$ cat entry-v8.cif   # mmCIF, C-alpha atoms
data_my_file
#
loop_
_atom_site.label_atom_id
_atom_site.label_comp_id
_atom_site.auth_asym_id
_atom_site.auth_seq_id
_atom_site.Cartn_x
_atom_site.Cartn_y
_atom_site.Cartn_z
CA MET A 552 -49.89 20.44 -134.82
CA THR A 553 -46.64 19.88 -136.71
CA ILE A 554 -45.14 22.42 -139.12
CA SER A 555 -45.93 20.17 -142.08
CA ASP A 556 -49.58 20.00 -140.96
CA VAL A 557 -49.71 23.79 -140.72
CA MET A 558 -48.19 24.14 -144.20
CA THR A 559 -50.65 21.64 -145.70
CA GLU A 560 -53.71 23.29 -144.16
CA ALA A 561 -52.49 26.81 -144.91
CA ASP A 562 -52.06 25.75 -148.53
CA HIS A 563 -55.65 24.50 -148.51
CA TRP A 564 -56.98 27.84 -147.32
CA ALA A 565 -54.84 29.67 -149.90
CA LYS A 566 -56.46 27.57 -152.63
CA GLN A 567 -59.90 28.34 -151.19
CA ASP A 568 -59.08 32.03 -151.61
CA ALA A 569 -57.69 31.42 -155.11
CA SER A 570 -54.37 32.80 -153.91
CA ALA A 571 -51.18 31.98 -155.77
CA VAL A 572 -49.17 32.18 -152.54
CA VAL A 573 -49.69 31.19 -148.91
CA THR A 574 -49.86 34.31 -146.77
CA ALA A 575 -49.70 34.92 -143.03
CA GLN A 576 -53.49 35.14 -143.05
CA HIS A 577 -53.73 31.55 -144.32
CA VAL A 578 -51.26 30.29 -141.74
CA THR A 579 -53.20 32.03 -138.97
CA LYS A 580 -56.45 30.51 -140.18
CA ALA A 581 -54.86 27.05 -140.27
CA LEU A 582 -53.78 27.44 -136.64
CA GLN A 583 -57.20 28.74 -135.60
CA GLN A 584 -59.01 25.87 -137.28
CA SER A 585 -56.65 23.33 -135.72
CA ARG A 586 -57.34 24.76 -132.28
CA TYR A 587 -61.09 24.80 -132.92
CA ARG A 588 -61.03 21.09 -133.72
CA SER A 589 -58.87 20.09 -130.72
CA ALA A 590 -59.58 22.53 -127.89
CA LEU A 591 -62.88 21.22 -126.51
CA THR A 592 -61.32 20.26 -123.15
CA GLU A 593 -59.55 23.61 -122.85
CA ASP A 594 -62.76 25.49 -123.62
CA ARG A 595 -64.74 23.47 -121.08
CA LEU A 596 -62.15 24.16 -118.39
CA GLN A 597 -62.30 27.85 -119.23
CA GLU A 598 -66.09 27.77 -118.91
CA MET A 599 -65.85 26.16 -115.47
CA ILE A 600 -63.38 28.82 -114.36
CA ASP A 601 -65.65 31.55 -115.73
CA ASP A 602 -68.76 30.28 -113.92
CA GLY A 603 -66.90 29.70 -110.66
CA THR A 604 -67.00 25.90 -110.66
CA ILE A 605 -63.20 25.89 -110.65
CA HIS A 606 -61.98 28.45 -108.12
CA ILE A 607 -59.37 30.80 -109.54
CA ALA A 608 -59.04 34.36 -108.21
CA THR A 609 -57.59 37.10 -110.42
CA GLU A 610 -58.04 40.01 -108.01
CA GLY A 611 -57.52 40.70 -104.32
CA ALA A 612 -54.93 39.30 -101.92
CA VAL A 613 -55.11 36.11 -99.85
CA THR A 614 -52.74 34.59 -97.27
CA GLY A 615 -51.33 31.16 -98.08
CA GLN A 616 -52.89 30.98 -101.55
CA VAL A 617 -51.15 31.19 -104.95
CA ASN A 618 -52.15 30.69 -108.58
CA GLY A 619 -49.89 27.97 -109.92
CA LEU A 620 -49.56 27.18 -113.63
CA ALA A 621 -49.76 23.81 -115.32
CA VAL A 622 -49.57 22.44 -118.86
CA LEU A 623 -52.28 19.97 -119.88
CA SER A 624 -52.33 17.76 -122.95
CA THR A 625 -55.25 16.12 -124.75
CA GLY A 626 -53.90 14.17 -127.70
CA SER A 627 -52.51 16.65 -130.21
CA HIS A 628 -53.56 19.74 -128.25
CA THR A 629 -51.47 21.18 -125.41
CA PHE A 630 -52.45 24.21 -123.37
CA GLY A 631 -51.80 25.99 -120.08
CA LYS A 632 -54.24 26.66 -117.26
CA PRO A 633 -53.91 27.99 -113.69
CA SER A 634 -54.48 25.86 -110.59
CA ARG A 635 -54.93 27.14 -107.06
CA ILE A 636 -52.29 26.03 -104.54
CA THR A 637 -52.89 26.57 -100.81
CA ALA A 638 -50.85 26.09 -97.65
CA ARG A 639 -52.07 25.70 -94.07
CA VAL A 640 -49.73 25.99 -91.08
CA SER A 641 -50.03 25.10 -87.41
CA VAL A 642 -47.95 24.08 -84.40
CA GLY A 643 -46.19 20.75 -84.94
CA ARG A 644 -42.85 18.97 -85.08
CA GLY A 645 -41.38 20.14 -88.37
CA GLN A 646 -43.68 18.24 -90.73
CA VAL A 647 -44.39 19.68 -94.18
CA THR A 648 -46.94 17.44 -95.89
CA ASN A 649 -47.49 17.01 -99.62
CA ILE A 650 -51.18 16.08 -99.77
CA GLU A 651 -50.84 14.85 -103.34
CA ARG A 652 -48.23 12.34 -102.20
CA GLU A 653 -50.32 11.22 -99.24
CA THR A 654 -53.20 10.47 -101.61
CA LYS A 655 -50.91 8.82 -104.20
CA LEU A 656 -51.62 11.55 -106.77
CA SER A 657 -48.04 12.88 -106.89
CA GLY A 658 -45.52 11.85 -109.53
CA ARG A 659 -41.88 11.11 -108.73
CA ILE A 660 -40.56 14.42 -110.07
CA HIS A 661 -43.15 16.36 -108.07
CA ASP A 662 -42.13 14.37 -104.99
CA LYS A 663 -38.51 15.33 -105.67
CA GLY A 664 -39.44 19.01 -105.98
CA PHE A 665 -41.33 18.84 -102.69
CA GLN A 666 -38.37 17.29 -100.89
CA ILE A 667 -36.21 20.14 -102.23
CA LEU A 668 -38.79 22.58 -100.82
CA LYS A 669 -38.40 20.95 -97.40
CA GLY A 670 -34.62 21.23 -97.73
CA TYR A 671 -34.93 24.95 -98.42
CA VAL A 672 -37.17 25.50 -95.39
CA ASN A 673 -34.96 23.46 -93.05
CA GLY A 674 -31.79 25.16 -94.24
CA LYS A 675 -33.31 28.64 -94.09
CA TYR A 676 -34.99 28.50 -90.70
CA GLY A 677 -33.90 25.33 -88.89
CA THR A 678 -30.14 25.73 -88.42
CA LYS A 679 -30.35 27.34 -84.96
CA LYS A 680 -33.55 25.82 -83.59
CA PRO A 681 -35.90 22.91 -84.24
CA LEU A 682 -38.93 23.79 -86.37
CA SER A 683 -42.11 23.49 -84.32
CA LEU A 684 -44.50 23.70 -87.23
CA SER A 685 -46.83 21.51 -89.20
CA ALA A 686 -47.82 22.48 -92.74
CA SER A 687 -49.84 20.95 -95.55
CA ILE A 688 -49.72 22.03 -99.19
CA TRP A 689 -51.98 20.90 -102.00
CA PHE A 690 -53.38 21.61 -105.45
CA GLU A 691 -57.07 22.44 -105.12
CA GLN A 692 -59.66 20.81 -107.38
CA THR A 693 -57.24 18.44 -109.09
CA TYR A 694 -58.29 14.81 -109.33
CA SER A 695 -55.54 13.29 -111.47
CA LYS A 696 -51.81 12.81 -110.95
CA VAL A 697 -49.66 15.91 -110.48
CA ASP A 698 -46.10 15.67 -111.75
CA GLY A 699 -43.13 17.87 -112.54
CA ASP A 700 -41.21 20.25 -110.28
CA SER A 701 -42.35 23.51 -111.88
CA ALA A 702 -44.64 24.25 -108.92
CA SER A 703 -41.96 23.93 -106.24
CA SER A 704 -41.32 27.69 -106.08
CA THR A 705 -45.09 28.30 -106.04
CA GLU A 706 -45.46 25.95 -103.08
CA ILE A 707 -42.68 27.78 -101.23
CA TYR A 708 -44.45 31.11 -101.78
CA ALA A 709 -47.70 29.69 -100.40
CA LEU A 710 -45.86 28.38 -97.32
CA LEU A 711 -43.95 31.64 -96.72
CA SER A 712 -47.19 33.60 -97.04
CA GLY A 713 -48.94 31.30 -94.56
CA LEU A 714 -46.11 31.59 -92.04
CA SER A 715 -45.54 35.33 -92.39
CA ARG A 716 -49.26 36.13 -92.73
CA ALA A 717 -48.41 38.30 -95.76
CA PRO A 718 -51.24 38.14 -98.35
CA ILE A 719 -50.36 37.20 -101.94
CA ASP A 720 -51.66 39.18 -104.93
CA GLN A 721 -54.20 36.91 -106.67
CA GLY A 722 -53.79 38.84 -109.92
CA LEU A 723 -50.48 37.05 -110.41
CA ALA A 724 -49.74 33.44 -111.34
CA VAL A 725 -46.44 31.65 -110.79
CA THR A 726 -44.28 28.92 -112.25
CA GLY A 727 -40.68 27.83 -111.66
CA SER A 728 -38.72 25.06 -110.03
CA VAL A 729 -36.38 25.81 -107.13
CA ASN A 730 -33.22 24.41 -105.56
CA GLN A 731 -32.38 24.08 -101.88
CA THR A 732 -30.73 27.50 -101.75
CA GLY A 733 -33.81 29.27 -103.15
CA GLU A 734 -32.65 29.82 -106.72
CA VAL A 735 -35.52 29.71 -109.22
CA GLN A 736 -34.80 27.43 -112.20
CA ALA A 737 -36.15 27.09 -115.74
CA ILE A 738 -39.25 25.03 -116.52
CA GLY A 739 -41.07 23.79 -119.63
CA GLY A 740 -44.13 25.24 -121.33
CA ALA A 741 -43.60 28.82 -120.13
CA SER A 742 -45.35 30.40 -123.13
CA LEU A 743 -48.40 28.13 -122.84
CA LYS A 744 -48.66 28.80 -119.10
CA ILE A 745 -48.57 32.57 -119.62
CA GLU A 746 -51.24 32.37 -122.33
CA GLY A 747 -53.43 30.15 -120.13
CA PHE A 748 -53.55 32.64 -117.27
CA PHE A 749 -53.86 35.55 -119.69
CA ASP A 750 -57.04 34.00 -121.14
CA VAL A 751 -58.52 33.64 -117.65
CA CYS A 752 -57.76 37.29 -116.87
CA VAL A 753 -59.21 38.47 -120.20
CA ALA A 754 -62.44 36.56 -119.51
CA ARG A 755 -62.69 38.31 -116.11
CA GLY A 756 -61.53 41.67 -117.46
CA LEU A 757 -57.94 42.91 -117.50
CA THR A 758 -57.17 45.30 -114.64
CA GLY A 759 -53.70 46.38 -115.73
CA THR A 760 -52.09 44.82 -112.65
CA GLN A 761 -52.35 41.14 -113.57
CA GLY A 762 -49.47 39.05 -114.80
CA VAL A 763 -47.32 35.96 -114.57
CA MET A 764 -44.04 35.35 -112.77
CA ILE A 765 -41.55 33.04 -114.50
CA PRO A 766 -37.88 32.07 -114.06
CA SER A 767 -35.41 34.52 -115.61
CA ASP A 768 -33.85 31.65 -117.54
CA ASN A 769 -37.11 31.15 -119.48
CA VAL A 770 -37.32 34.67 -120.91
CA LYS A 771 -35.17 33.79 -123.93
CA ASN A 772 -37.52 30.90 -124.80
CA LEU A 773 -40.78 32.86 -124.83
CA VAL A 774 -42.86 32.78 -128.02
CA LEU A 775 -46.17 34.40 -127.13
CA HIS A 776 -49.38 34.76 -129.09
CA GLU A 777 -49.88 38.18 -130.63
CA ARG A 778 -52.81 38.95 -128.29
CA VAL A 779 -50.58 38.44 -125.24
CA ASP A 780 -47.65 40.32 -126.74
CA THR A 781 -49.88 43.30 -127.49
CA ALA A 782 -51.30 43.36 -123.94
CA VAL A 783 -47.81 43.19 -122.40
CA LYS A 784 -46.50 46.00 -124.58
CA GLY A 785 -49.58 48.07 -123.72
CA GLY A 786 -49.08 47.61 -119.97
CA GLN A 787 -52.33 45.66 -119.55
CA PHE A 788 -50.57 42.44 -118.57
CA HIS A 789 -47.15 41.88 -117.03
CA ILE A 790 -44.44 39.24 -117.10
CA TYR A 791 -42.07 39.21 -114.11
CA ALA A 792 -38.77 37.33 -114.42
CA VAL A 793 -37.12 36.28 -111.14
CA SER A 794 -34.02 34.27 -110.30
CA HIS A 795 -34.51 33.73 -106.55
CA VAL A 796 -37.35 33.05 -104.12
CA ASP A 797 -36.59 36.34 -102.34
CA GLU A 798 -37.36 38.28 -105.53
CA GLY A 799 -40.53 36.30 -106.10
CA ILE A 800 -42.04 36.73 -102.64
CA GLU A 801 -41.45 40.49 -102.88
CA VAL A 802 -43.33 40.67 -106.20
CA LEU A 803 -46.22 38.61 -104.84
CA THR A 804 -46.65 40.34 -101.47
CA GLY A 805 -45.08 43.77 -101.92
CA VAL A 806 -43.10 43.13 -98.71
CA PRO A 807 -39.27 43.02 -98.75
CA ALA A 808 -37.87 39.51 -98.26
CA GLY A 809 -35.06 40.85 -96.06
CA GLN A 810 -31.35 40.14 -95.96
CA PRO A 811 -29.71 39.04 -92.70
CA ASP A 812 -27.08 41.19 -90.99
CA GLU A 813 -23.74 39.87 -89.72
CA GLU A 814 -25.49 38.23 -86.76
CA GLY A 815 -28.09 36.56 -88.98
CA VAL A 816 -30.93 38.88 -87.95
CA TYR A 817 -33.44 39.93 -90.61
CA PRO A 818 -34.80 43.50 -90.86
CA GLU A 819 -37.96 44.05 -88.82
CA GLY A 820 -41.14 43.60 -90.85
CA SER A 821 -39.48 41.69 -93.67
CA ILE A 822 -40.88 38.35 -94.84
CA HIS A 823 -38.08 36.28 -93.34
CA ALA A 824 -38.25 38.20 -90.05
CA ARG A 825 -41.99 37.57 -89.84
CA VAL A 826 -41.48 33.88 -90.57
CA GLU A 827 -38.80 33.65 -87.87
CA GLU A 828 -41.10 35.37 -85.36
CA ARG A 829 -43.97 33.01 -86.19
CA LEU A 830 -41.74 29.95 -85.80
CA VAL A 831 -40.56 31.21 -82.39
CA GLN A 832 -44.19 31.73 -81.35
CA MET A 833 -45.02 28.19 -82.44
CA ALA A 834 -42.07 26.81 -80.46
CA ARG A 835 -43.19 28.68 -77.33
CA THR A 836 -46.77 27.49 -77.78
CA ALA A 837 -45.60 23.88 -78.11
CA LYS A 838 -43.40 24.22 -75.02
CA GLN A 839 -46.14 25.84 -72.93
CA PHE A 840 -48.65 23.20 -73.96
CA ALA A 841 -46.26 20.39 -73.08
CA LYS A 842 -45.61 22.02 -69.70
CA SER A 843 -49.33 22.39 -68.99
CA LEU A 844 -49.87 18.70 -69.76
CA ASN A 845 -47.06 17.74 -67.40
CA ASP A 846 -48.54 19.91 -64.65
CA GLU A 847 -51.97 18.31 -65.08
CA THR A 848 -50.65 14.75 -64.91
CA LYS A 849 -48.15 15.34 -62.08
CA PRO A 850 -49.41 13.85 -58.76
CA ASP A 851 -49.81 16.19 -55.78
CA ASN A 852 -47.36 14.46 -53.45
CA GLY A 853 -48.07 16.72 -50.52
CA GLU A 854 -51.78 15.95 -50.35
CA ASN A 855 -51.27 12.26 -50.97
CA GLU A 856 -48.73 11.98 -48.19
CA THR A 857 -51.12 13.71 -45.76
CA GLU A 858 -53.97 11.43 -46.67
CA ASP A 859 -51.76 8.38 -46.31
CA LYS A 860 -50.59 9.45 -42.85
CA GLU A 861 -54.14 10.02 -41.71
CA VAL A 862 -55.18 6.56 -42.86
CA ILE A 863 -52.18 4.91 -41.18
CA THR A 864 -52.84 6.77 -37.93
#
$ encode --input "entry-v8.cif" --output "structure tokens"
Amino acid sequence: MTISDVMTEADHWAKQDASAVVTAQHVTKALQQSRYRSALTEDRLQEMIDDGTIHIATEGAVTGQVNGLAVLSTGSHTFGKPSRITARVSVGRGQVTNIERETKLSGRIHDKGFQILKGYVNGKYGTKKPLSLSASIWFEQTYSKVDGDSASSTEIYALLSGLSRAPIDQGLAVTGSVNQTGEVQAIGGASLKIEGFFDVCVARGLTGTQGVMIPSDNVKNLVLHERVDTAVKGGQFHIYAVSHVDEGIEVLTGVPAGQPDEEGVYPEGSIHARVEERLVQMARTAKQFAKSLNDETKPDNGENETEDKEVIT
């Protein structure tokens, strides 16, 4: 809805009230009526989240699962809604798979963000050893094209959680693009995304621990609805601003990310230390499995030679 449309409709409601001036009440009513006329899709999505058709958790902690945030548009109406992002990890040869891309449901900018994610992982953990992992990341219950790079940090958090086995707080939702060094960068639609997750939490019941994590660079652009602003000021809902992946994973898991010492060793129990340990375990598993296959297929030369001699004799 453009400003001129708001002014025209607010003027209409002022005339209905026989008011000589347009007040804030008339402007608010104009916005409410505009939303009522355009928000059918948003309301239906909210209903499906409420009845459990669309799976979004707002409480508890789960490994390898994060609430991402997206902006959807239906004609003149634009709104934010959460989407579950999950990561699964196993022994492999360094593959990190974007399921959306494999199914041709990923846009070019999302593909770019995913390649940056892979660059971060390779640079962070693959400089001293090959990565013996396989991972797949996807947006659950999405059946149309996914585009934009605002979920790249969210995808990293899901992967780090899966590798470190550190559960992520499901009362939080995340948005933010990322570069190859782990810096979290600004994205579009931050206010709409916050409001979208806030509405889901309100429908379930605010617990006082729920919130949204956004890039620090987006704080200056926030223009939130009064209902969200009031809840934030009252401590019922929280907005976390982060500038690096390390800050974000600490907020989501409550576990320190860890900074390496002079020898590149991370503190015991930290997220990065746990990821390193898991990657070493995967490498050993891959090596042991390869060795066992070689042992099974290797001919027993001693027995064969004996049998051959007996036949010749």
$ atom_distance --input "entry-v8.cif" --atom1 "atom CA of Arg659 of chain A" --atom2 "atom CA of Lys771 of chain A"
28.1 Å
$ residues_near_point --input "entry-v8.cif" --point "(-47.8, 15.2, -107.7)" --cutoff "9 Å" --atoms "only C-alpha atoms" --output "ChimeraX atom specification"
/A:649-652,655-662,665,690,695-700
$ closest_residue --input "entry-v8.cif" --among "A:Ala724, A:Ala782, A:Val774, A:Leu582" --to "Ile636 of chain A" --atoms "only C-alpha atoms"
A:Ala724
$ atom_distance --input "entry-v8.cif" --atom1 "atom CA of Gln584 of chain A" --atom2 "atom CA of Thr559 of chain A"
12.6 Å
$ resolve_selection --input "entry-v8.cif" --expression "the PyMOL selection byres ((chain A and resi 711) around 9)" --output "ChimeraX atom specification"
/A:615,638,706-710,712-717,800,822-823,826
